[in-house]
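Shown here: target08.json, JSON, C-alpha atoms and all ligand atoms.
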```
[["chain", "number", "residue", "atom", "x", "y", "z"],
["A", 25, "MET", "CA", -30.32, -15.06, 104.85],
["A", 26, "LYS", "CA", -30.19, -18.15, 102.67],
["A", 27, "THR", "CA", -28.17, -16.28, 100.06],
["A", 28, "LEU", "CA", -25.78, -15.12, 102.72],
["A", 29, "MET", "CA", -25.29, -18.66, 104.02],
["A", 30, "LEU", "CA", -24.66, -19.90, 100.49],
["A", 31, "LEU", "CA", -22.18, -17.15, 99.85],
["A", 32, "PHE", "CA", -20.39, -17.96, 103.07],
["A", 33, "GLY", "CA", -20.37, -21.66, 102.23],
["A", 34, "TRP", "CA", -18.92, -21.15, 98.78],
["A", 35, "THR", "CA", -16.31, -18.70, 100.02],
["A", 36, "PHE", "CA", -15.23, -21.20, 102.61],
["A", 37, "ALA", "CA", -15.13, -24.03, 100.05],
["A", 38, "ALA", "CA", -13.05, -21.91, 97.68],
["A", 39, "PHE", "CA", -10.65, -21.04, 100.49],
["A", 40, "ALA", "CA", -10.36, -24.71, 101.47],
["A", 41, "LEU", "CA", -9.69, -25.76, 97.88],
["A", 42, "LEU", "CA", -7.05, -23.07, 97.55],
["A", 43, "GLN", "CA", -5.05, -24.86, 100.25],
["A", 44, "PHE", "CA", -4.29, -27.66, 97.81],
["A", 45, "ILE", "CA", -2.27, -25.29, 95.68],
["A", 46, "GLN", "CA", 1.22, -24.96, 97.08],
["A", 47, "ILE", "CA", 4.29, -23.35, 95.62],
["A", 48, "ASP", "CA", 7.15, -25.79, 95.80],
["A", 49, "ILE", "CA", 10.42, -24.49, 97.19],
["A", 50, "PRO", "CA", 13.22, -26.72, 95.89],
["A", 51, "THR", "CA", 15.50, -28.09, 98.61],
["A", 52, "PRO", "CA", 18.77, -26.16, 98.30],
["A", 53, "PRO", "CA", 22.08, -28.04, 98.18],
["A", 54, "THR", "CA", 23.81, -28.58, 101.52],
["A", 55, "PRO", "CA", 26.71, -26.15, 101.84],
["A", 56, "LYS", "CA", 30.20, -27.61, 101.95],
["A", 57, "ALA", "CA", 33.06, -26.14, 103.96],
["A", 58, "GLY", "CA", 33.96, -22.78, 102.46],
["A", 59, "ASP", "CA", 30.70, -22.32, 100.53],
["A", 60, "ARG", "CA", 29.20, -19.90, 103.02],
["A", 61, "ILE", "CA", 29.83, -16.21, 102.73],
["A", 62, "SER", "CA", 32.38, -14.75, 105.10],
["A", 63, "ALA", "CA", 32.38, -11.10, 106.02],
["A", 64, "PRO", "CA", 33.31, -9.03, 109.09],
["A", 65, "ALA", "CA", 31.14, -9.88, 112.13],
["A", 66, "PRO", "CA", 28.91, -6.76, 112.09],
["A", 67, "VAL", "CA", 28.18, -7.31, 108.37],
["A", 68, "MET", "CA", 27.41, -10.98, 108.92],
["A", 69, "ALA", "CA", 25.09, -10.13, 111.81],
["A", 70, "ALA", "CA", 23.19, -7.59, 109.69],
["A", 71, "ILE", "CA", 22.90, -9.91, 106.69],
["A", 72, "LYS", "CA", 21.69, -12.76, 108.88],
["A", 73, "LYS", "CA", 19.14, -10.50, 110.48],
["A", 74, "GLY", "CA", 17.77, -8.88, 107.34],
["A", 75, "CYS", "CA", 18.46, -11.21, 104.44],
["A", 76, "TYR", "CA", 18.80, -14.84, 105.52],
["A", 77, "ASP", "CA", 15.08, -15.66, 105.57],
["A", 78, "CYS", "CA", 15.06, -15.41, 101.76],
["A", 79, "HIS", "CA", 18.72, -15.61, 100.76],
["A", 80, "SER", "CA", 20.08, -18.62, 102.64],
["A", 81, "ASN", "CA", 19.17, -22.20, 103.50],
["A", 82, "ARG", "CA", 17.54, -21.00, 106.70],
["A", 83, "ASN", "CA", 13.89, -21.94, 106.76],
["A", 84, "ASN", "CA", 11.87, -19.45, 108.74],
["A", 85, "ILE", "CA", 8.41, -19.49, 107.21],
["A", 86, "PRO", "CA", 5.83, -18.64, 109.90],
["A", 87, "TRP", "CA", 2.59, -20.67, 110.12],
["A", 88, "TYR", "CA", 0.56, -18.09, 108.18],
["A", 89, "GLY", "CA", 3.17, -18.32, 105.43],
["A", 90, "ASN", "CA", 1.84, -21.77, 104.64],
["A", 91, "ILE", "CA", -1.78, -20.68, 104.30],
["A", 92, "ALA", "CA", -2.97, -19.82, 100.81],
["A", 93, "PRO", "CA", -3.14, -17.20, 99.40],
["A", 94, "ILE", "CA", -0.51, -15.63, 101.70],
["A", 95, "SER", "CA", 1.71, -18.64, 101.05],
["A", 96, "PHE", "CA", 1.84, -17.76, 97.34],
["A", 97, "GLU", "CA", 3.59, -14.50, 98.12],
["A", 98, "VAL", "CA", 5.79, -15.80, 100.95],
["A", 99, "ARG", "CA", 6.94, -19.01, 99.27],
["A", 100, "GLN", "CA", 7.58, -17.24, 95.97],
["A", 101, "HIS", "CA", 9.83, -14.76, 97.79],
["A", 102, "VAL", "CA", 11.90, -17.54, 99.33],
["A", 103, "LYS", "CA", 12.01, -19.50, 96.08],
["A", 104, "ASP", "CA", 13.08, -16.51, 93.94],
["A", 105, "GLY", "CA", 15.25, -14.99, 96.63],
["A", 106, "ARG", "CA", 17.30, -18.17, 97.03],
["A", 107, "LYS", "CA", 17.50, -18.74, 93.30],
["A", 108, "TRP", "CA", 18.99, -15.31, 92.82],
["A", 109, "LEU", "CA", 21.25, -15.27, 95.83],
["A", 110, "ASN", "CA", 21.98, -17.84, 98.51],
["A", 111, "PHE", "CA", 24.54, -16.59, 101.02],
["A", 112, "ASP", "CA", 25.10, -20.18, 102.21],
["A", 113, "LEU", "CA", 26.37, -21.07, 98.72],
["A", 114, "PHE", "CA", 28.01, -17.74, 98.01],
["A", 115, "ASN", "CA", 31.50, -19.02, 97.28],
["A", 116, "ARG", "CA", 30.19, -21.32, 94.57],
["A", 117, "TYR", "CA", 29.39, -18.25, 92.46],
["A", 118, "THR", "CA", 31.68, -16.90, 89.78],
["A", 119, "GLU", "CA", 33.42, -13.59, 90.45],
["A", 120, "GLU", "CA", 31.18, -12.01, 87.81],
["A", 121, "LYS", "CA", 28.05, -13.09, 89.64],
["A", 122, "LYS", "CA", 29.49, -11.95, 92.97],
["A", 123, "GLN", "CA", 30.14, -8.52, 91.49],
["A", 124, "LYS", "CA", 26.49, -8.35, 90.40],
["A", 125, "ILE", "CA", 25.46, -9.25, 93.94],
["A", 126, "TYR", "CA", 27.66, -6.53, 95.50],
["A", 127, "GLN", "CA", 26.26, -3.95, 93.10],
["A", 128, "GLY", "CA", 22.68, -5.15, 93.57],
["A", 129, "THR", "CA", 23.14, -5.08, 97.34],
["A", 130, "VAL", "CA", 24.36, -1.48, 97.36],
["A", 131, "LYS", "CA", 21.48, -0.49, 95.10],
["A", 132, "THR", "CA", 18.67, -2.35, 96.86],
["A", 133, "VAL", "CA", 19.70, -1.77, 100.47],
["A", 134, "THR", "CA", 20.23, 1.95, 99.75],
["A", 135, "SER", "CA", 16.83, 2.31, 98.08],
["A", 136, "GLY", "CA", 15.07, 0.22, 100.71],
["A", 137, "ALA", "CA", 13.94, -2.41, 98.19],
["A", 138, "MET", "CA", 15.80, -5.03, 100.27],
["A", 139, "PRO", "CA", 14.81, -6.42, 102.68],
["A", 140, "ILE", "CA", 11.39, -6.46, 100.96],
["A", 141, "PRO", "CA", 9.16, -3.92, 102.78],
["A", 142, "LEU", "CA", 6.06, -6.16, 102.74],
["A", 143, "TYR", "CA", 8.08, -8.80, 104.58],
["A", 144, "LEU", "CA", 9.36, -6.31, 107.15],
["A", 145, "TRP", "CA", 5.81, -5.28, 107.92],
["A", 146, "LYS", "CA", 5.36, -8.63, 109.71],
["A", 147, "HIS", "CA", 8.99, -9.47, 110.48],
["A", 148, "THR", "CA", 9.88, -6.59, 112.75],
["A", 149, "GLU", "CA", 12.88, -8.61, 114.00],
["A", 150, "ALA", "CA", 14.45, -8.32, 110.54],
["A", 151, "ARG", "CA", 14.26, -4.52, 110.31],
["A", 152, "LEU", "CA", 17.73, -3.07, 109.93],
["A", 153, "ASN", "CA", 18.78, 0.04, 111.79],
["A", 154, "PRO", "CA", 20.86, 2.72, 110.00],
["A", 155, "ALA", "CA", 24.15, 1.30, 111.36],
["A", 156, "GLU", "CA", 23.30, -2.16, 110.06],
["A", 157, "ARG", "CA", 22.37, -0.81, 106.64],
["A", 158, "LYS", "CA", 25.58, 1.17, 106.58],
["A", 159, "ALA", "CA", 27.60, -1.93, 107.48],
["A", 160, "ILE", "CA", 26.12, -3.93, 104.60],
["A", 161, "ILE", "CA", 26.38, -1.11, 102.05],
["A", 162, "GLY", "CA", 29.96, -0.23, 103.07],
["A", 163, "TRP", "CA", 31.06, -3.85, 102.85],
["A", 164, "ALA", "CA", 29.46, -4.41, 99.42],
["A", 165, "LYS", "CA", 30.88, -1.12, 98.08],
["A", 166, "GLY", "CA", 34.35, -2.16, 99.20],
["A", 167, "LYS", "CA", 34.03, -5.39, 97.24],
["A", 168, "ILE", "CA", 33.05, -3.77, 93.95],
["A", 169, "GLY", "CA", 35.90, -3.97, 91.46],
["A", 170, "GLU", "CA", 38.07, -5.88, 93.92],
["B", 1, "LIG", "C1", 11.28, -11.50, 102.01],
["B", 1, "LIG", "C2", 12.35, -12.09, 101.23],
["B", 1, "LIG", "C3", 13.62, -11.30, 101.00],
["B", 1, "LIG", "C4", 14.44, -10.69, 101.92],
["B", 1, "LIG", "C5", 14.26, -10.65, 103.41],
["B", 1, "LIG", "C6", 15.54, -10.15, 101.18],
["B", 1, "LIG", "N1", 15.39, -10.41, 99.84],
["B", 1, "LIG", "FE1", 16.67, -9.92, 98.35],
["B", 1, "LIG", "N2", 15.42, -10.73, 96.96],
["B", 1, "LIG", "C7", 14.23, -11.38, 97.24],
["B", 1, "LIG", "C8", 13.60, -11.80, 96.00],
["B", 1, "LIG", "C9", 12.28, -12.52, 95.87],
["B", 1, "LIG", "C10", 14.45, -11.38, 94.96],
["B", 1, "LIG", "C11", 14.26, -11.61, 93.47],
["B", 1, "LIG", "C12", 14.03, -10.36, 92.70],
["B", 1, "LIG", "C13", 12.83, -9.59, 93.11],
["B", 1, "LIG", "O1", 11.74, -10.17, 93.22],
["B", 1, "LIG", "O2", 12.96, -8.35, 93.33],
["B", 1, "LIG", "C14", 15.58, -10.71, 95.60],
["B", 1, "LIG", "C15", 16.64, -10.14, 94.91],
["B", 1, "LIG", "C16", 17.75, -9.59, 95.51],
["B", 1, "LIG", "C17", 18.87, -9.04, 94.79],
["B", 1, "LIG", "C18", 18.97, -8.93, 93.28],
["B", 1, "LIG", "C19", 18.07, -7.84, 92.76],
["B", 1, "LIG", "C20", 18.75, -6.69, 92.11],
["B", 1, "LIG", "O3", 18.02, -5.76, 91.70],
["B", 1, "LIG", "O4", 19.99, -6.67, 91.98],
["B", 1, "LIG", "C21", 19.78, -8.62, 95.71],
["B", 1, "LIG", "C22", 21.14, -8.01, 95.45],
["B", 1, "LIG", "C23", 19.20, -8.87, 97.01],
["B", 1, "LIG", "N3", 17.97, -9.46, 96.86],
["B", 1, "LIG", "C24", 19.83, -8.57, 98.20],
["B", 1, "LIG", "C25", 19.22, -8.67, 99.43],
["B", 1, "LIG", "C26", 19.84, -8.24, 100.67],
["B", 1, "LIG", "C27", 21.24, -7.67, 100.77],
["B", 1, "LIG", "C28", 18.94, -8.46, 101.66],
["B", 1, "LIG", "C29", 19.09, -8.11, 103.12],
["B", 1, "LIG", "C30", 19.46, -6.77, 103.44],
["B", 1, "LIG", "C31", 17.75, -9.04, 101.05],
["B", 1, "LIG", "N4", 17.97, -9.15, 99.71],
["B", 1, "LIG", "C32", 16.60, -9.45, 101.74],
["B", 1, "LIG", "C33", 13.73, -11.63, 98.49],
["B", 1, "LIG", "C34", 14.23, -11.13, 99.68]]
```
Spit out the file's structure as structure tokens when you get a sec.
Ligand code: HEC
Amino acid sequence: MKTLMLLFGWTFAAFALLQFIQIDIPTPPTPKAGDRISAPAPVMAAIKKGCYDCHSNRNNIPWYGNIAPISFEVRQHVKDGRKWLNFDLFNRYTEEKKQKIYQGTVKTVTSGAMPIPLYLWKHTEARLNPAERKAIIGWAKGKIGE
């Protein structure tokens, strides 16, 4: 019994200490007029639904996303996602970078790699239906080589 109590105590202490480790998400620049992506309404709606939590300035981290060790995964996703692609700053990118984004979007949305499946497990509201996927893929395809 004593061993069990000790084990419990140490586990709790370790968990508490873990809370002091936090992944910093840099504050993204404030978009200026014309920085934000513009696309046809159905495409915008689908992107906002499925991609904005990690690829825009929108901050939508749920409470459990700030509790270590879950926070490591969640905050890293937002940090890396924004670094790679921020739709709120889209028009600041070079045409070359935009082309990479269009190609990457076709590839990842088709394969189901984006939105990240682990995220969708909890964020059911961000799950895209086939029409929404089709809207995003069709739009990105149309932009390739433009
Ligand atoms: C839960 C967070 C999250 C969501 C939601 C999300 N992404 Fe990502 N995305 C990332 C992260 C993190 C990366 C960085 C590379 C990696 O870890 O795979 C990334 C990378 C990418 C890349 C570059 C990777 C490549 O192979 O070209 C594209 C393009 C992309 N995302 C598009 C999208 C689109 C489009 C959506 C919505 C349909 C979306 N993402 C939704 C987190 C996310």
Hey, which residues come within 8 Å of ligand LIG 1 (chain B) if we count all atoms listed in the file? Could you give them as a VMD selection string?
chain A and resid 70 to 79 98 100 to 109 124 to 133 137 to 144 150 152 157 160
Could you work out an axis-aligned box for stretch 35-44 of chain A, taking every atom the file lists and adding 6 Å on each side, and report centre and edge lengths in Å to one decimal, as AutoDock Vina command-line options?
```
--center_x -10.3 --center_y -23.2 --center_z 100.1 --size_x 24.0 --size_y 21.0 --size_z 17.1
```
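One finds atom CA of A:Pro86 at 15.9 Å from atom CA of A:Asp48.
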Take atom CA of A:Pro55 and atom CA of A:Phe96 and report the distance between them in Å, one decimal.
26.6 Å
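Distances to A:Ala63 were evaluated for A:Thr35, A:Gly169, A:Trp145, A:Asn115 using all atoms listed in the file, and the minimum falls at A:Asn115.
Taking atom CA of A:Ile45 and atom CA of A:Thr27 as the two end points, the separation is 27.8 Å.
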Using only C-alpha atoms, which protein or nucleic acid residues come within 6 Å of A:Ser80? Drop anything in the same chain fewer than 6 positions from it, and give the result as a list in words.
Asn110, Phe111 and Asp112 of chain A
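The closest residue to A:Lys122, picked from A:Val67, A:Ala38, A:Ile49, A:Ile168 and counting all atoms listed in the file, is A:Ile168.
Residue nearest A:Ala57 within the list A:Ile161, A:Leu113, A:Lys146, A:Glu156: A:Leu113 [criterion: smallest interatomic distance, only C-alpha atoms].
Proximity of A:Arg99, A:Pro93, A:Gly136, A:Thr118 to A:Gln43, computed with only C-alpha atoms, is greatest for A:Pro93.
Checking A:Thr134, A:Asp59, A:Thr148, A:Phe39 one by one against A:Asn81, counting only C-alpha atoms, you find the shortest gap at A:Asp59.
Take the candidates A:Leu30, A:Ile47, A:Gln123, A:Tyr117 and check each one against A:Ile94 using only C-alpha atoms; the shortest distance goes to A:Ile47.
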Residue completion, stretch 144-167 of chain A, N, CA, C and O atoms, as a short mmCIF file (atom, residue, chain, number, x, y, z; two decimals), in the frame of the given file:
```cif
data_model
loop_
_atom_site.label_atom_id
_atom_site.label_comp_id
_atom_site.auth_asym_id
_atom_site.auth_seq_id
_atom_site.Cartn_x
_atom_site.Cartn_y
_atom_site.Cartn_z
N LEU A 144 8.99 -6.99 105.90
CA LEU A 144 9.36 -6.31 107.15
C LEU A 144 8.15 -5.88 107.96
O LEU A 144 8.21 -5.74 109.18
N TRP A 145 7.04 -5.68 107.26
CA TRP A 145 5.81 -5.28 107.92
C TRP A 145 5.47 -6.29 109.02
O TRP A 145 5.09 -5.93 110.13
N LYS A 146 5.63 -7.57 108.73
CA LYS A 146 5.36 -8.63 109.71
C LYS A 146 6.61 -9.01 110.50
O LYS A 146 6.55 -9.29 111.68
N HIS A 147 7.76 -9.03 109.82
CA HIS A 147 8.99 -9.47 110.48
C HIS A 147 9.75 -8.28 111.05
O HIS A 147 10.78 -7.87 110.52
N THR A 148 9.24 -7.76 112.16
CA THR A 148 9.88 -6.59 112.75
C THR A 148 11.30 -6.93 113.21
O THR A 148 12.16 -6.06 113.27
N GLU A 149 11.55 -8.20 113.51
CA GLU A 149 12.88 -8.61 114.00
C GLU A 149 13.94 -8.51 112.90
O GLU A 149 15.12 -8.55 113.20
N ALA A 150 13.49 -8.37 111.65
CA ALA A 150 14.45 -8.32 110.54
C ALA A 150 14.71 -6.88 110.08
O ALA A 150 15.48 -6.66 109.16
N ARG A 151 14.05 -5.93 110.71
CA ARG A 151 14.26 -4.52 110.31
C ARG A 151 15.66 -4.08 110.67
O ARG A 151 16.10 -4.27 111.81
N LEU A 152 16.34 -3.49 109.70
CA LEU A 152 17.73 -3.07 109.93
C LEU A 152 17.76 -1.63 110.39
O LEU A 152 17.04 -0.79 109.87
N ASN A 153 18.62 -1.35 111.39
CA ASN A 153 18.78 0.04 111.79
C ASN A 153 19.83 0.70 110.88
O ASN A 153 20.50 -0.01 110.10
N PRO A 154 19.94 2.04 110.93
CA PRO A 154 20.86 2.72 110.00
C PRO A 154 22.29 2.18 110.06
O PRO A 154 22.95 2.05 109.02
N ALA A 155 22.77 1.81 111.24
CA ALA A 155 24.15 1.30 111.36
C ALA A 155 24.29 -0.04 110.63
O ALA A 155 25.31 -0.31 110.00
N GLU A 156 23.25 -0.85 110.72
CA GLU A 156 23.30 -2.16 110.06
C GLU A 156 23.25 -2.02 108.53
O GLU A 156 23.97 -2.70 107.80
N ARG A 157 22.40 -1.09 108.08
CA ARG A 157 22.37 -0.81 106.64
C ARG A 157 23.73 -0.32 106.16
O ARG A 157 24.24 -0.74 105.12
N LYS A 158 24.29 0.59 106.94
CA LYS A 158 25.58 1.17 106.58
C LYS A 158 26.66 0.10 106.52
O LYS A 158 27.51 0.10 105.63
N ALA A 159 26.61 -0.84 107.46
CA ALA A 159 27.60 -1.93 107.48
C ALA A 159 27.51 -2.76 106.20
O ALA A 159 28.53 -3.06 105.56
N ILE A 160 26.30 -3.10 105.81
CA ILE A 160 26.12 -3.93 104.60
C ILE A 160 26.55 -3.16 103.35
O ILE A 160 27.32 -3.67 102.53
N ILE A 161 26.08 -1.92 103.24
CA ILE A 161 26.38 -1.11 102.05
C ILE A 161 27.89 -0.86 101.94
O ILE A 161 28.49 -1.03 100.87
N GLY A 162 28.52 -0.50 103.07
CA GLY A 162 29.96 -0.23 103.07
C GLY A 162 30.76 -1.46 102.66
O GLY A 162 31.70 -1.37 101.85
N TRP A 163 30.36 -2.60 103.18
CA TRP A 163 31.06 -3.85 102.85
C TRP A 163 30.92 -4.16 101.35
O TRP A 163 31.92 -4.45 100.69
N ALA A 164 29.70 -4.07 100.84
CA ALA A 164 29.46 -4.41 99.42
C ALA A 164 30.19 -3.42 98.51
O ALA A 164 30.80 -3.81 97.51
N LYS A 165 30.18 -2.14 98.88
CA LYS A 165 30.88 -1.12 98.08
C LYS A 165 32.37 -1.44 98.00
O LYS A 165 32.99 -1.33 96.94
N GLY A 166 32.93 -1.84 99.14
CA GLY A 166 34.35 -2.16 99.20
C GLY A 166 34.73 -3.34 98.34
O GLY A 166 35.89 -3.51 97.98
N LYS A 167 33.77 -4.19 98.03
CA LYS A 167 34.03 -5.39 97.24
C LYS A 167 33.92 -5.14 95.74
O LYS A 167 34.42 -5.94 94.94
#
```
